[in-house]
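Structure file coords_25.txt with compact mmCIF, C-alpha atoms:
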# COMPACT_ATOMS: atom_id res chain seq x y z
CA GLY L 229 -4.55 -16.75 -16.89
CA GLU L 230 -2.27 -13.86 -16.04
CA ASN L 231 -0.50 -14.26 -12.73
CA VAL L 232 2.12 -12.54 -10.58
CA GLU L 233 3.86 -14.53 -7.86
CA GLN L 234 5.56 -12.67 -5.04
CA HIS L 235 8.06 -13.98 -2.46
CA PRO L 236 8.57 -14.02 0.42
CA SER L 237 5.24 -13.37 2.09
CA THR L 238 6.99 -12.08 5.22
CA LEU L 239 10.49 -10.75 5.68
CA SER L 240 12.26 -9.60 8.83
CA VAL L 241 15.57 -7.75 8.66
CA GLN L 242 17.73 -5.89 11.11
CA GLU L 243 17.84 -2.14 10.77
CA GLY L 244 20.59 -1.18 8.35
CA ASP L 245 20.49 -4.47 6.46
CA SER L 246 19.17 -4.91 2.92
CA ALA L 247 15.82 -6.40 1.93
CA VAL L 248 14.96 -8.08 -1.36
CA ILE L 249 11.49 -8.97 -2.59
CA LYS L 250 11.02 -10.97 -5.77
CA CYS L 251 8.16 -11.26 -8.25
CA THR L 252 7.56 -13.44 -11.28
CA TYR L 253 4.98 -12.69 -13.96
CA SER L 254 3.38 -14.89 -16.57
CA ASP L 255 2.10 -12.52 -19.28
CA SER L 256 4.75 -11.87 -21.92
CA ALA L 257 2.89 -8.69 -22.94
CA SER L 258 3.56 -7.10 -19.56
CA ASN L 259 5.85 -4.13 -19.94
CA TYR L 260 5.30 -1.97 -16.87
CA PHE L 261 6.15 -3.06 -13.33
CA PRO L 262 5.29 -0.80 -10.38
CA TRP L 263 5.95 -1.41 -6.70
CA TYR L 264 3.58 -0.17 -4.02
CA LYS L 265 4.09 0.31 -0.30
CA GLN L 266 1.11 -0.02 2.00
CA GLU L 267 1.34 1.23 5.55
CA LEU L 268 -1.07 0.04 8.20
CA GLY L 269 -4.57 1.40 7.65
CA LYS L 270 -3.71 3.18 4.43
CA GLY L 271 -3.98 2.66 0.72
CA PRO L 272 -1.02 1.45 -1.38
CA GLN L 273 1.35 4.14 -2.59
CA LEU L 274 3.67 3.91 -5.58
CA ILE L 275 7.33 3.91 -4.55
CA ILE L 276 9.12 2.97 -7.76
CA ASP L 277 8.35 1.56 -11.18
CA ILE L 278 10.21 0.20 -14.17
CA ARG L 279 9.40 -0.26 -17.82
CA SER L 280 10.48 -3.22 -19.89
CA ASN L 281 13.04 -1.28 -21.88
CA VAL L 282 15.12 -0.72 -18.73
CA GLY L 283 16.98 -3.33 -16.69
CA GLU L 284 17.42 -1.40 -13.47
CA LYS L 285 16.18 1.76 -11.81
CA LYS L 286 17.29 3.40 -8.57
CA ASP L 287 15.80 6.01 -6.31
CA GLN L 288 17.94 6.68 -3.25
CA ARG L 289 17.76 3.51 -1.09
CA ILE L 290 15.31 1.74 -3.37
CA ALA L 291 16.09 -0.07 -6.60
CA VAL L 292 14.19 -2.34 -8.93
CA THR L 293 15.71 -4.83 -11.37
CA LEU L 294 13.98 -6.52 -14.28
CA ASN L 295 14.88 -9.70 -16.15
CA LYS L 296 12.51 -9.92 -19.13
CA THR L 297 13.87 -13.24 -20.32
CA ALA L 298 13.16 -14.92 -17.00
CA LYS L 299 10.03 -12.81 -16.43
CA HIS L 300 10.99 -11.72 -12.98
CA PHE L 301 11.65 -8.43 -11.23
CA SER L 302 12.87 -7.55 -7.77
CA LEU L 303 12.71 -4.74 -5.24
CA HIS L 304 15.88 -3.94 -3.31
CA ILE L 305 15.86 -1.74 -0.22
CA THR L 306 19.27 -0.88 1.23
CA GLU L 307 20.10 0.51 4.67
CA THR L 308 16.63 -0.36 5.92
CA GLN L 309 14.98 1.83 8.53
CA PRO L 310 12.04 1.19 10.88
CA GLU L 311 9.81 3.36 8.68
CA ASP L 312 10.35 0.91 5.84
CA SER L 313 8.18 -1.58 7.74
CA ALA L 314 5.05 -2.06 5.65
CA VAL L 315 3.45 -4.39 3.12
CA TYR L 316 4.95 -4.20 -0.35
CA PHE L 317 3.10 -5.19 -3.52
CA CYS L 318 4.51 -5.77 -6.95
CA ALA L 319 2.35 -5.55 -10.06
CA ALA L 320 2.58 -6.18 -13.78
CA SER L 321 0.72 -4.29 -16.43
CA SER L 322 0.65 -3.63 -20.11
CA LEU L 323 1.03 0.00 -21.12
CA SER L 324 -1.50 -0.54 -23.88
CA GLY L 325 -5.01 -1.86 -23.73
CA THR L 326 -7.13 -1.61 -20.63
CA TYR L 327 -4.53 -0.47 -18.08
CA LYS L 328 -5.24 -3.40 -15.81
CA TYR L 329 -2.72 -4.38 -13.19
CA ILE L 330 -2.11 -7.87 -11.88
CA PHE L 331 -0.87 -7.60 -8.30
CA GLY L 332 1.28 -9.97 -6.32
CA THR L 333 0.00 -11.17 -2.95
CA GLY L 334 2.23 -8.84 -0.94
CA THR L 335 5.26 -9.05 1.33
CA ARG L 336 5.11 -7.91 4.93
CA LEU L 337 8.48 -6.34 5.72
CA LYS L 338 9.50 -5.86 9.34
CA VAL L 339 12.59 -3.85 10.10
CA LEU L 340 13.84 -4.66 13.58
CA ALA L 341 15.49 -1.86 15.50
CA ASP P 9 -5.26 18.63 -3.12
CA ALA P 10 -8.00 16.20 -2.02
CA GLY P 11 -6.98 13.46 -4.46
CA ILE P 12 -9.14 10.41 -4.13
CA THR P 13 -11.53 9.96 -1.24
CA GLN P 14 -13.65 7.02 -0.16
CA SER P 15 -16.69 6.85 2.08
CA PRO P 16 -17.59 5.37 4.39
CA ARG P 17 -14.21 4.37 5.76
CA TYR P 18 -15.77 1.74 8.03
CA LYS P 19 -19.07 -0.06 7.65
CA ILE P 20 -20.80 -2.99 9.34
CA THR P 21 -23.84 -4.37 7.59
CA GLU P 22 -26.05 -7.42 7.71
CA THR P 23 -26.26 -10.23 5.20
CA GLY P 24 -28.72 -9.41 2.42
CA ARG P 25 -28.58 -5.65 2.77
CA GLN P 26 -27.55 -3.33 -0.03
CA VAL P 27 -24.41 -1.33 0.57
CA THR P 28 -22.87 1.42 -1.54
CA LEU P 29 -19.26 2.51 -1.24
CA MET P 30 -18.53 5.94 -2.62
CA CYS P 31 -15.42 7.10 -4.43
CA HIS P 32 -14.59 10.62 -5.54
CA GLN P 33 -11.46 11.90 -7.28
CA THR P 34 -10.47 15.49 -7.95
CA TRP P 35 -7.83 14.87 -10.64
CA SER P 36 -10.21 14.34 -13.58
CA HIS P 37 -8.51 11.00 -14.23
CA SER P 38 -10.03 8.98 -17.04
CA TYR P 39 -9.70 5.57 -15.41
CA MET P 40 -11.17 4.48 -12.10
CA PHE P 41 -10.95 1.11 -10.41
CA TRP P 42 -12.36 -0.85 -7.53
CA TYR P 43 -10.16 -3.45 -5.83
CA ARG P 44 -10.76 -5.68 -2.86
CA GLN P 45 -7.94 -6.74 -0.57
CA ASP P 46 -8.06 -10.04 1.27
CA LEU P 47 -5.36 -11.87 3.16
CA GLY P 48 -3.56 -14.26 0.85
CA HIS P 49 -5.06 -12.77 -2.30
CA GLY P 50 -3.49 -9.36 -2.47
CA LEU P 51 -5.43 -6.83 -4.51
CA ARG P 52 -8.06 -8.14 -6.90
CA LEU P 53 -9.85 -6.00 -9.46
CA ILE P 54 -13.63 -5.91 -9.16
CA TYR P 55 -14.62 -3.39 -11.82
CA TYR P 56 -13.00 -0.59 -13.73
CA SER P 57 -14.10 2.34 -15.84
CA ALA P 58 -12.26 3.95 -18.73
CA ALA P 59 -14.47 7.04 -18.82
CA ALA P 60 -17.91 8.27 -17.83
CA ASP P 61 -20.60 5.75 -18.80
CA ILE P 62 -17.99 3.11 -19.67
CA THR P 63 -17.46 0.27 -17.20
CA ASP P 64 -16.09 -3.25 -17.45
CA LYS P 65 -15.69 -6.30 -15.27
CA GLY P 66 -12.47 -7.18 -13.55
CA GLU P 67 -11.35 -10.41 -11.96
CA VAL P 68 -14.06 -10.76 -9.27
CA PRO P 69 -17.22 -8.84 -10.35
CA ASP P 70 -19.95 -11.18 -9.10
CA GLY P 71 -22.25 -9.58 -6.53
CA TYR P 72 -21.15 -6.04 -7.34
CA VAL P 73 -22.57 -3.24 -9.46
CA VAL P 74 -20.88 -0.01 -10.52
CA SER P 75 -21.87 3.13 -12.33
CA ARG P 76 -20.03 6.18 -13.60
CA SER P 77 -22.35 8.97 -14.56
CA LYS P 78 -19.69 11.60 -13.79
CA THR P 79 -15.95 11.40 -14.37
CA GLU P 80 -15.15 12.14 -10.74
CA ASN P 81 -17.42 9.56 -9.08
CA PHE P 82 -17.36 5.79 -9.20
CA PRO P 83 -19.68 4.17 -6.63
CA LEU P 84 -19.57 0.45 -5.89
CA THR P 85 -22.80 -1.26 -4.80
CA LEU P 86 -23.17 -4.63 -3.15
CA GLU P 87 -26.73 -5.49 -4.08
CA SER P 88 -27.21 -8.19 -1.43
CA ALA P 89 -24.22 -8.36 0.86
CA THR P 90 -22.75 -11.75 1.78
CA ARG P 91 -20.19 -12.66 4.44
CA SER P 92 -17.68 -13.47 1.71
CA GLN P 93 -17.76 -9.79 0.75
CA THR P 94 -16.23 -8.82 4.08
CA SER P 95 -13.06 -7.14 2.91
CA VAL P 96 -11.15 -3.92 2.50
CA TYR P 97 -12.17 -2.09 -0.64
CA PHE P 98 -9.88 0.31 -2.44
CA CYS P 99 -10.88 2.77 -5.07
CA ALA P 100 -8.16 3.95 -7.45
CA SER P 101 -7.72 6.21 -10.42
CA SER P 102 -5.31 6.64 -13.28
CA ASP P 103 -4.87 9.20 -15.98
CA GLN P 104 -4.74 8.02 -19.55
CA GLY P 105 -1.20 7.94 -20.81
CA THR P 106 2.10 6.35 -19.98
CA PRO P 107 3.17 5.28 -17.49
CA ASN P 108 -0.29 4.56 -16.14
CA THR P 109 0.38 5.02 -12.47
CA ILE P 110 -2.57 4.02 -10.33
CA TYR P 111 -3.36 6.17 -7.27
CA PHE P 112 -5.27 4.55 -4.44
CA GLY P 113 -7.72 5.87 -1.91
CA GLU P 114 -7.43 5.15 1.79
CA GLY P 115 -9.78 2.18 1.70
CA SER P 116 -13.21 1.21 3.02
CA TRP P 117 -13.36 -1.53 5.65
CA LEU P 118 -16.58 -3.50 5.19
CA THR P 119 -17.79 -6.20 7.55
CA VAL P 120 -20.86 -8.27 6.68
CA VAL P 121 -22.40 -10.06 9.65
Would you mind writing the structure in this file as structure tokens?
Amino acid sequence: GENVEQHPSTLSVQEGDSAVIKCTYSDSASNYFPWYKQELGKGPQLIIDIRSNVGEKKDQRIAVTLNKTAKHFSLHITETQPEDSAVYFCAASSLSGTYKYIFGTGTRLKVLA
Amino acid sequence: DAGITQSPRYKITETGRQVTLMCHQTWSHSYMFWYRQDLGHGLRLIYYSAAADITDKGEVPDGYVVSRSKTENFPLTLESATRSQTSVYFCASSDQGTPNTIYFGEGSWLTVV
């Protein structure tokens, strides 16, 4: 069935360093790839997304890259800050049909001051 | 802007009891979803609804019942709670269109003892 694999499950970086989280999807029909940030005790919030007709998208310190051929996409956070500490989820979805997302299992990011 | 609200936020119940988790959204979004979040599994879709009176099963629907008599409400009922249903439950909504960003509620922590 459809699957999204996410790595690593935990990631610790020093403040100011970069963090990279990678996801691989299985469904070739997937064409929309959002990333969510979940802070402790809260619901996931969208931080950036990318569609399959784009290879890269940036928003300040956050960027997402997509390789459709290899079916993988990555989240890049530069100049990490303590407030970036959270759990990050990737997801894959088709923009047509039933609007169902397949989520990765999450990455717990710790930014060490 | 109330957005999407869930109640109760925290609930302890006994095995075999019926429990209903409420979800209300103020955006008039067409789609609503129920996810459960468990360690090692990420977010898994229980049920979703494309519009009032239209519901469909997700990845893990067994033991759950939903209804959607009004666009803004999407209650989730555990007919006879089991310990395996101890989890964090997230309601979410999405407007029809592209991109289909999903907005999550704050979550309901359910413990079945």
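Pairwise distance (CA of Ile330 in chain L, CA of Cys251 in chain L) equals 11.4 Å.
With distances taken over all atoms listed in the file, L:Ser321 is the one residue among L:Ser321, L:Ser240, L:Asn231, L:Ser246 lying closest to Ser280 in chain L.
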Point-to-point distance in Å for CA of Tyr260 in chain L and CA of Arg336 in chain L: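 These atoms are spaced 22.6 Å apart.
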Shell of 6 Å around range 98-100 of chain P, all atoms listed in the file, local chain residues under 3 positions omitted, as a compact mmCIF listing (two decimals) with C-alpha atoms, keeping the file's coordinate frame:
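Final output, selection-v8.txt:
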# COMPACT_ATOMS: atom_id res chain seq x y z
CA MET P 40 -11.17 4.48 -12.10
CA PHE P 41 -10.95 1.11 -10.41
CA TRP P 42 -12.36 -0.85 -7.53
CA TYR P 43 -10.16 -3.45 -5.83
CA TYR P 111 -3.36 6.17 -7.27
CA PHE P 112 -5.27 4.55 -4.44
CA GLY P 113 -7.72 5.87 -1.91
CA GLY P 115 -9.78 2.18 1.70
Within 10 Å of Ser38 in chain P using only C-alpha atoms, minus same-chain residues under 6 positions, as an MDAnalysis selection string: chainID P and resid 57:60 79:80 101:105
Please report as a Markdown table every residue of chain L lying within 9 Å of chain P, along with the nearest atom pair and their distance in Å (one decimal), using only C-alpha atoms.
| residue | atom | partner | partner_atom | distance |
| --- | --- | --- | --- | --- |
| L:Ser237 | CA | P:Gly48 | CA | 8.9 |
| L:Tyr260 | CA | P:Pro107 | CA | 7.6 |
| L:Pro262 | CA | P:Thr109 | CA | 7.9 |
| L:Gly269 | CA | P:Glu114 | CA | 7.5 |
| L:Lys270 | CA | P:Glu114 | CA | 5.0 |
| L:Gly271 | CA | P:Glu114 | CA | 4.4 |
| L:Pro272 | CA | P:Phe112 | CA | 6.1 |
| L:Gln273 | CA | P:Phe112 | CA | 6.9 |
| L:Leu274 | CA | P:Tyr111 | CA | 7.6 |
| L:Asp277 | CA | P:Thr109 | CA | 8.8 |
| L:Arg279 | CA | P:Pro107 | CA | 8.3 |
| L:Phe317 | CA | P:Gly50 | CA | 7.9 |
| L:Ser321 | CA | P:Asn108 | CA | 8.9 |
| L:Leu323 | CA | P:Thr106 | CA | 6.5 |
| L:Ser324 | CA | P:Thr106 | CA | 8.7 |
| L:Thr326 | CA | P:Ala58 | CA | 7.8 |
| L:Tyr327 | CA | P:Asn108 | CA | 6.9 |
| L:Lys328 | CA | P:Leu53 | CA | 8.3 |
| L:Tyr329 | CA | P:Leu53 | CA | 8.2 |
| L:Ile330 | CA | P:Arg52 | CA | 7.8 |
| L:Phe331 | CA | P:Leu51 | CA | 6.0 |
| L:Gly332 | CA | P:Gly50 | CA | 6.2 |
| L:Thr333 | CA | P:Gly50 | CA | 4.0 |
| L:Gly334 | CA | P:Gly50 | CA | 5.9 |
Nearby residues (all atoms listed in the file) at most 7 Å from Phe82 in chain P, same-chain spacing under 6 positions excluded, as a PyMOL selection string: chain P and resi 30-32+40+74-76
I need the chosen residues saved as a CSV table (one decimal), keeping the file's coordinate frame, with C-alpha atoms.
chain,number,residue,atom,x,y,z
P,30,MET,CA,-18.5,5.9,-2.6
P,31,CYS,CA,-15.4,7.1,-4.4
P,32,HIS,CA,-14.6,10.6,-5.5
P,40,MET,CA,-11.2,4.5,-12.1
P,74,VAL,CA,-20.9,0.0,-10.5
P,75,SER,CA,-21.9,3.1,-12.3
P,76,ARG,CA,-20.0,6.2,-13.6
Contacts of Leu29 in chain P within 8 Å, all atoms listed in the file, excl. fewer than 4 positions in-chain, as a PyMOL selection string: chain P and resi 14-16+83-85+116
Selection: 7 Å around range 302-312 of chain L, all atoms listed in the file, excl. self and same-chain fewer than 3 positions, as a ChimeraX atom specification: /L:243-251,289-294,339-341
Radius query 6 Å about (-10.0, 10.0, -5.7), atoms used: only C-alpha atoms, as a list in words: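 The residues near that point, listed by chain and number, are Gly11, Ile12, Thr13, His32, Gln33 and Thr34 of chain P.
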Å distance separating CA of Tyr264 in chain L from CA of Val68 in chain P, one decimal place: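 Those two atoms sit 21.2 Å apart.
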As lines of an AutoDock Vina configuration file, what would the box around range 333-337 of chain L look like: edges along x, y and z, 8 Å added on every side, centre and edge lengths in Å to one decimal?
center_x = 4.2
center_y = -8.8
center_z = 1.4
size_x = 24.5
size_y = 20.8
size_z = 24.7
Polymer residues at most 7 Å from (-24.5, -3.5, 2.4) by all atoms listed in the file, as a list in words: Thr21, Glu22, Arg25, Gln26, Val27, Thr28, Leu86, Ser88 and Ala89 of chain P
